[in-house]
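Participant: Below is the file work.txt, which contains compact mmCIF, C-alpha atoms.
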```txt
# COMPACT_ATOMS: atom_id res chain seq x y z
CA MET J 25 9.90 -1.65 19.65
CA ASP J 26 11.12 0.73 22.35
CA LEU J 27 11.59 4.46 21.77
CA ASP J 28 15.28 4.23 20.83
CA GLU J 29 14.57 1.57 18.22
CA LEU J 30 11.59 3.51 16.84
CA LEU J 31 13.74 6.63 16.40
CA LYS J 32 16.41 4.61 14.59
CA VAL J 33 13.77 3.06 12.33
CA ARG J 34 12.30 6.50 11.63
CA ASP J 35 15.72 7.84 10.61
CA HIS J 36 16.21 4.77 8.41
CA TYR J 37 12.77 5.30 6.84
CA ASP J 38 13.49 8.96 6.11
CA ALA J 39 16.88 8.19 4.60
CA GLU J 40 15.71 5.32 2.42
CA VAL J 41 12.06 5.88 1.52
CA ARG J 42 11.81 9.67 1.52
CA ARG J 43 15.19 11.33 0.96
CA GLY J 44 16.62 8.33 -0.86
CA ALA J 45 13.59 7.55 -3.04
CA GLN J 46 14.64 6.03 -6.36
CA GLY J 47 13.06 5.71 -9.78
CA PRO J 48 12.61 7.44 -13.12
CA ASP J 49 9.72 9.50 -11.71
CA VAL J 50 11.70 10.83 -8.74
CA GLU J 51 13.63 14.10 -8.77
CA GLN J 52 15.89 15.59 -6.12
CA VAL J 53 15.97 19.34 -6.60
CA GLY J 54 18.05 21.12 -4.01
CA ARG J 55 16.58 20.29 -0.61
CA VAL J 56 13.39 18.72 -1.97
CA VAL J 57 12.60 15.24 -3.29
CA ARG J 58 9.47 15.07 -5.44
CA MET J 59 7.70 12.35 -7.39
CA SER J 60 5.15 12.14 -10.20
CA VAL J 61 3.55 8.77 -10.94
CA PRO J 62 0.14 7.88 -12.41
CA GLY J 63 -2.44 8.83 -9.82
CA TRP J 64 -0.13 10.81 -7.50
CA SER J 65 2.29 13.72 -7.59
CA GLY J 66 3.95 15.49 -4.73
CA VAL J 67 6.80 16.25 -2.36
CA LEU J 68 8.16 13.24 -0.46
CA TRP J 69 10.87 14.93 1.59
CA SER J 70 12.31 18.33 2.30
CA ASP J 71 15.12 19.75 4.43
CA LEU J 72 14.23 23.40 4.91
CA ASP J 73 14.58 26.16 7.47
CA GLU J 74 12.96 29.50 8.24
CA ASP J 75 15.06 31.24 5.56
CA THR J 76 14.48 28.76 2.71
CA ALA J 77 10.99 27.32 3.24
CA ASP J 78 8.81 29.97 1.59
CA ALA J 79 10.93 30.19 -1.56
CA GLU J 80 11.01 26.40 -1.90
CA ILE J 81 7.24 26.14 -1.46
CA ALA J 82 6.80 28.74 -4.22
CA ALA J 83 9.21 26.83 -6.47
CA GLN J 84 7.23 23.60 -6.10
CA VAL J 85 3.93 25.37 -6.73
CA ALA J 86 5.43 26.83 -9.91
CA HIS J 87 6.76 23.43 -11.02
CA PHE J 88 3.59 21.41 -10.47
CA GLY J 89 1.27 24.27 -11.41
CA ALA J 90 2.81 24.47 -14.88
CA ARG J 91 1.81 20.90 -15.73
CA GLY J 92 -1.19 20.17 -17.89
CA PRO J 93 -3.93 17.59 -17.22
CA ALA J 94 -2.09 14.95 -19.28
CA GLU J 95 0.83 15.24 -16.84
CA GLY J 96 -1.40 14.89 -13.79
CA GLY J 97 -1.42 18.60 -13.03
CA PRO J 98 -1.75 21.06 -11.72
CA GLY J 99 -2.67 19.69 -8.28
CA PHE J 100 -0.15 17.96 -6.01
CA GLU J 101 0.47 16.88 -2.42
CA TRP J 102 3.12 17.98 0.04
CA LYS J 103 3.47 15.08 2.46
CA LEU J 104 4.41 16.72 5.76
CA TYR J 105 5.70 14.79 8.77
CA THR J 106 5.67 16.13 12.34
CA HIS J 107 9.47 16.02 12.58
CA ASP J 108 10.03 17.97 9.34
CA ARG J 109 11.63 21.39 9.56
CA PRO J 110 10.92 24.22 10.07
CA ALA J 111 8.44 23.65 12.87
CA ASP J 112 5.90 25.98 11.25
CA LEU J 113 6.09 24.38 7.78
CA GLY J 114 2.40 23.46 7.93
CA ASP J 115 1.44 27.08 8.60
CA ARG J 116 3.58 28.19 5.66
CA LEU J 117 1.92 25.64 3.37
CA ARG J 118 -1.54 26.85 4.39
CA ALA J 119 -0.47 30.44 3.74
CA ALA J 120 0.58 29.38 0.23
CA GLY J 121 -2.87 27.93 -0.51
CA PHE J 122 -2.46 24.31 0.53
CA VAL J 123 -5.36 22.57 2.28
CA PRO J 124 -4.58 19.92 4.92
CA GLU J 125 -6.35 16.59 4.78
CA PRO J 126 -6.92 14.44 7.88
CA ALA J 127 -3.75 13.49 9.73
CA GLU J 128 -2.48 9.93 9.53
CA THR J 129 -0.21 8.06 11.95
CA LEU J 130 3.04 6.73 10.49
CA MET J 131 3.44 3.21 11.89
CA VAL J 132 5.99 0.44 11.36
CA GLY J 133 6.02 -3.23 12.31
CA ARG J 134 8.52 -6.06 11.99
CA THR J 135 7.57 -8.24 9.05
CA ALA J 136 8.65 -11.50 10.70
CA ASP J 137 6.45 -10.90 13.74
CA LEU J 138 3.42 -9.99 11.64
CA ALA J 139 3.88 -12.91 9.26
CA ALA J 140 3.77 -15.27 12.25
CA LEU J 141 0.35 -14.07 13.41
CA PRO J 142 -2.03 -17.05 13.83
CA VAL J 143 -4.78 -15.90 11.47
CA GLU J 144 -7.33 -17.87 9.49
CA PRO J 145 -9.97 -16.46 7.09
CA PRO J 146 -13.34 -15.83 8.75
CA GLU J 147 -16.12 -18.19 7.73
CA GLY J 148 -17.38 -17.37 4.25
CA ILE J 149 -14.29 -15.36 3.23
CA THR J 150 -11.75 -16.27 0.56
CA LEU J 151 -8.81 -14.21 -0.70
CA LEU J 152 -8.39 -13.36 -4.38
CA ARG J 153 -5.04 -12.20 -5.77
CA VAL J 154 -5.51 -9.38 -8.27
CA THR J 155 -3.56 -9.53 -11.53
CA ASP J 156 -5.76 -7.81 -14.14
CA GLU J 157 -8.33 -5.07 -14.70
CA ALA J 158 -11.24 -7.29 -13.69
CA GLY J 159 -9.58 -7.86 -10.34
CA VAL J 160 -8.87 -4.13 -9.97
CA ASP J 161 -12.58 -3.48 -10.55
CA LEU J 162 -13.35 -5.83 -7.64
CA MET J 163 -10.75 -3.99 -5.54
CA MET J 164 -12.42 -0.67 -6.31
CA ALA J 165 -15.88 -2.06 -5.54
CA ALA J 166 -14.62 -3.18 -2.11
CA HIS J 167 -12.99 0.22 -1.60
CA ASP J 168 -16.25 2.01 -2.43
CA ARG J 169 -18.17 -0.21 0.00
CA ALA J 170 -15.63 0.43 2.75
CA PHE J 171 -15.09 4.17 2.41
CA GLY J 172 -18.21 5.39 0.63
CA VAL J 173 -16.21 7.46 -1.88
CA GLU J 174 -14.92 6.82 -5.37
CA ARG J 175 -11.18 7.26 -5.97
CA PRO J 176 -10.56 6.73 -9.70
CA ARG J 177 -6.92 7.74 -9.30
CA ILE J 178 -6.31 4.65 -7.17
CA LYS J 179 -7.55 2.44 -10.00
CA GLU J 180 -5.35 4.30 -12.48
CA ALA J 181 -2.27 3.95 -10.27
CA VAL J 182 -2.80 0.25 -9.52
CA LEU J 183 -3.40 -0.64 -13.17
CA ALA J 184 -0.22 1.22 -14.14
CA GLU J 185 1.84 -0.69 -11.55
CA LEU J 186 0.41 -4.06 -12.53
CA ARG J 187 1.14 -3.30 -16.17
CA GLU J 188 4.56 -1.65 -15.90
CA ASP J 189 6.12 -3.13 -12.75
CA PRO J 190 4.09 -6.07 -11.41
CA ASP J 191 6.84 -7.04 -8.95
CA SER J 192 6.27 -3.75 -7.11
CA ILE J 193 2.71 -4.44 -6.00
CA GLU J 194 0.54 -7.19 -4.56
CA VAL J 195 -3.23 -6.65 -4.44
CA VAL J 196 -5.70 -8.89 -2.63
CA VAL J 197 -9.49 -8.79 -2.35
CA ALA J 198 -11.48 -10.51 0.40
CA MET J 199 -14.52 -12.11 -1.21
CA ALA J 200 -17.75 -13.19 0.46
CA GLY J 201 -18.89 -15.54 -2.25
CA GLU J 202 -18.88 -13.32 -5.34
CA VAL J 203 -19.09 -10.06 -3.38
CA PRO J 204 -15.88 -8.06 -2.68
CA VAL J 205 -16.01 -6.88 0.94
CA SER J 206 -12.44 -5.72 1.58
CA SER J 207 -9.24 -5.06 -0.34
CA ALA J 208 -5.63 -4.23 0.40
CA ARG J 209 -2.33 -3.53 -1.33
CA LEU J 210 1.32 -4.23 -0.59
CA GLU J 211 3.65 -1.78 -2.34
CA ILE J 212 7.26 -2.92 -2.65
CA ARG J 213 10.20 -0.63 -3.33
CA ALA J 214 13.08 -2.41 -5.07
CA GLY J 215 16.00 -2.85 -2.69
CA SER J 216 14.16 -1.24 0.22
CA ASP J 217 13.86 -2.49 3.80
CA PHE J 218 10.29 -1.13 3.90
CA ALA J 219 7.11 -2.21 2.12
CA GLY J 220 3.94 -0.15 2.36
CA LEU J 221 0.50 -1.40 3.42
CA TRP J 222 -2.37 0.46 1.75
CA GLY J 223 -6.12 0.03 1.69
CA GLY J 224 -7.51 -2.54 4.09
CA GLY J 225 -10.93 -0.93 4.37
CA THR J 226 -13.82 -3.34 4.98
CA ASP J 227 -17.53 -3.19 4.14
CA PRO J 228 -19.30 -2.04 7.35
CA ASP J 229 -21.45 -5.19 7.31
CA TRP J 230 -18.29 -7.33 7.57
CA ARG J 231 -16.31 -5.40 10.17
CA GLY J 232 -15.34 -6.93 13.48
CA ARG J 233 -14.75 -10.42 12.03
CA GLY J 234 -10.97 -10.29 11.63
CA ILE J 235 -10.71 -9.45 7.92
CA TYR J 236 -8.42 -6.46 8.49
CA ARG J 237 -6.09 -8.59 10.63
CA LEU J 238 -6.18 -11.33 7.99
CA LEU J 239 -5.12 -8.93 5.25
CA VAL J 240 -2.24 -7.55 7.35
CA ALA J 241 -0.92 -11.06 8.05
CA HIS J 242 -1.39 -12.14 4.42
CA ARG J 243 0.66 -9.22 3.12
CA ALA J 244 3.28 -9.69 5.84
CA ARG J 245 3.83 -13.26 4.65
CA ILE J 246 4.39 -12.04 1.10
CA ALA J 247 6.85 -9.40 2.34
CA ALA J 248 8.66 -12.01 4.45
CA GLU J 249 9.09 -14.22 1.39
CA ARG J 250 10.65 -11.21 -0.35
CA GLY J 251 13.07 -10.62 2.55
CA ILE J 252 11.64 -7.22 3.53
CA PRO J 253 12.16 -6.58 7.27
CA TYR J 254 9.63 -3.78 7.91
CA LEU J 255 6.04 -2.94 6.99
CA GLN J 256 4.91 0.70 7.01
CA VAL J 257 1.38 2.09 7.27
CA ASP J 258 -0.10 5.59 7.14
CA ALA J 259 -2.93 4.73 9.52
CA MET J 260 -6.25 6.49 10.00
CA ASP J 261 -7.63 6.83 13.52
CA ASP J 262 -9.86 3.75 13.27
CA SER J 263 -6.97 1.55 12.08
CA ARG J 264 -4.32 2.70 14.56
CA PRO J 265 -5.56 0.74 17.62
CA ILE J 266 -5.86 -2.46 15.59
CA LEU J 267 -2.33 -2.05 14.26
CA GLU J 268 -0.95 -1.31 17.72
CA ARG J 269 -2.51 -4.52 19.03
CA LEU J 270 -0.84 -6.40 16.16
CA GLY J 271 2.57 -5.00 17.15
CA PHE J 272 3.05 -1.84 15.06
CA GLY J 273 4.88 1.11 16.63
CA VAL J 274 4.30 4.82 16.04
CA LEU J 275 7.00 6.80 14.21
CA GLY J 276 5.06 10.07 14.04
CA VAL J 277 2.18 11.79 12.29
CA THR J 278 1.90 12.77 8.64
CA VAL J 279 -0.51 15.28 7.10
CA PRO J 280 -1.18 15.45 3.34
CA TYR J 281 -1.25 19.11 2.27
CA ILE J 282 -3.06 19.48 -1.06
CA TRP J 283 -2.58 22.29 -3.58
CA GLN J 284 -5.25 22.35 -6.30
CA GLY J 285 -4.10 25.35 -8.30
```
Output the file's structure as structure tokens, nothing else.
Facilitator:
Amino acid sequence: MDLDELLKVRDHYDAEVRRGAQGPDVEQVGRVVRMSVPGWSGVLWSDLDEDTADAEIAAQVAHFGARGPAEGGPGFEWKLYTHDRPADLGDRLRAAGFVPEPAETLMVGRTADLAALPVEPPEGITLLRVTDEAGVDLMMAAHDRAFGVERPRIKEAVLAELREDPDSIEVVVAMAGEVPVSSARLEIRAGSDFAGLWGGGTDPDWRGRGIYRLLVAHRARIAAERGIPYLQVDAMDDSRPILERLGFGVLGVTVPYIWQG
């Protein structure tokens, strides 16, 4: 995609996925769109300026900070993109007590192109579709091997989606015999032109064999069958070059700002 197309896709992504987010757990309050689902709460989109930003930040802190543990509170994330206004919004979030996590690159690829990638499983690898808690446990074991950290909220969120809206998520685990060595998720928004790729981390002992590429192509084929034209990734630095080689383009950079209360 050339620059003009990437800018058009970015505007489409903002309008549909961020500003136009839909669902019972989504609220649009003034110039902010926020969401609270099992495992994640935060601000998806904002349209602020120098005169309104500080008051709106304080309003969101008050809203999420008032929630109890049963509601997922009080912590939450403000998902900031480099093209969000005002230009110093990140500085204002830090001044309000938010802590930035590592930046991620927002990338998009055409589903049809990615689904056509000539990819076969590496020797010794099979793919397992996850449909129940036992499969989610395998997914989490692969995640722990890949990233070296435990993220129980991911398990909680995936189980909730599989239980409450199974059409919104596809989960796959790459198995080396009976050992889970990589896992990935495809998150589907009803009626959206974008599906999200998440996970994809691989056990260090199995990297460099094409598993990441395999999981991208596998999910692209599912998205193509569902008629979804674009795949979106929030890519870490080690994933970005792989995704660029596969045909993804860069829409910008996003930084998760975390407020813990």
Participant: Nearest residue to J:Ala39 out of J:Val279, J:Ala244, J:Phe100, J:Trp69, using all atoms listed in the file?
Facilitator: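 For J:Ala39, the nearest of the candidates is J:Trp69.
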Participant: Return the single residue from J:Val195, J:Asp26, J:Val132, J:Leu141 that is closest to J:Glu157, with distances computed using all atoms listed in the file.
Facilitator: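 That would be J:Val195, the residue with the smallest distance to J:Glu157.
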Participant: Using only C-alpha atoms, what table do you get, as JSON lines, when you list each residue of stretch 222-250 of chain J with an atom no more than 10 Å from stretch 264-276 of chain J, its nearest pair of atoms, and their distance in Å rounded to one decimal, rows by chain then rising number?
Facilitator:
```
{"residue": "J:Tyr236", "atom": "CA", "partner": "J:Ile266", "partner_atom": "CA", "distance": 8.5}
{"residue": "J:Arg237", "atom": "CA", "partner": "J:Ile266", "partner_atom": "CA", "distance": 7.9}
{"residue": "J:Val240", "atom": "CA", "partner": "J:Leu267", "partner_atom": "CA", "distance": 8.8}
{"residue": "J:Ala241", "atom": "CA", "partner": "J:Leu270", "partner_atom": "CA", "distance": 9.4}
```
Participant: Export C-alpha atoms of the chosen residues as a PDB file, in the frame of the given file?
Facilitator:
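Below you can see part_14.pdb, which holds the result:
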```
ATOM      1  CA  TYR J 236      -8.420  -6.460   8.490  1.00  0.00           C
ATOM      2  CA  ARG J 237      -6.090  -8.590  10.630  1.00  0.00           C
ATOM      3  CA  VAL J 240      -2.240  -7.550   7.350  1.00  0.00           C
ATOM      4  CA  ALA J 241      -0.920 -11.060   8.050  1.00  0.00           C
TER       5      ALA J 241
END
```
Participant: Counting all atoms listed in the file, which of J:Glu101, J:Thr129, J:Asp229, J:Gly63 gets nearest to J:Leu183?
Facilitator: J:Gly63
Participant: Near J:Met163, counting all atoms listed in the file, which residues have an atom at most 6 Å away, once you skip same-chain residues fewer than 2 positions from it, shown as an MDAnalysis selection string?
Facilitator: chainID J and resid 160:161 165:166 197 207
Participant: Go ahead and dump the residues you just picked, C-alpha atoms, as a short mmCIF file (atom, residue, chain, number, x, y, z; two decimals), in the frame of the given file.
Facilitator:
```cif
data_model
loop_
_atom_site.label_atom_id
_atom_site.label_comp_id
_atom_site.auth_asym_id
_atom_site.auth_seq_id
_atom_site.Cartn_x
_atom_site.Cartn_y
_atom_site.Cartn_z
CA VAL J 160 -8.87 -4.13 -9.97
CA ASP J 161 -12.58 -3.48 -10.55
CA ALA J 165 -15.88 -2.06 -5.54
CA ALA J 166 -14.62 -3.18 -2.11
CA VAL J 197 -9.49 -8.79 -2.35
CA SER J 207 -9.24 -5.06 -0.34
#
```
Participant: Between atom CA of J:Gly232 and atom CA of J:Asp168, what is the spacing in Å?
Facilitator: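 If I compute the distance from atom CA of J:Asp168 to atom CA of J:Gly232, I get 18.3 Å.
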Participant: Using all atoms listed in the file, which of the listed residues (J:Val41, J:Leu255, J:Ala136, J:Ala77) sits closest to J:Val56?
Facilitator: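 Once distances to J:Val56 are computed over all atoms listed in the file, the minimum belongs to J:Ala77.
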Participant: Counting all atoms listed in the file, which of J:Leu113, J:Ile178, J:Ala198, J:Val154 gets nearest to J:Asp73?
Facilitator: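 Using all atoms listed in the file, J:Asp73 sits closest to J:Leu113.
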Participant: Please provide the set of residues having any atom within 12 Å of J:Gly44, restricted to only C-alpha atoms, with same-chain residues fewer than 6 positions apart removed, written as a list of chain:residue names.
Facilitator: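 Final neighbour list, sorted by chain and number: J:Asp35, J:His36, J:Tyr37, J:Asp38, J:Val50, J:Glu51, J:Gln52, J:Arg55, J:Val56, J:Val57, J:Arg58, J:Met59, J:Leu68, J:Trp69, J:Ser70, J:Arg213, J:Gly215, J:Ser216.
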Participant: Return the single residue from J:Asp112, J:Glu211, J:Asp227, J:Asp217 that is closest to J:Phe171, with distances computed using only C-alpha atoms.
Facilitator: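 When distances to J:Phe171 are compared using only C-alpha atoms, the smallest one comes from J:Asp227.
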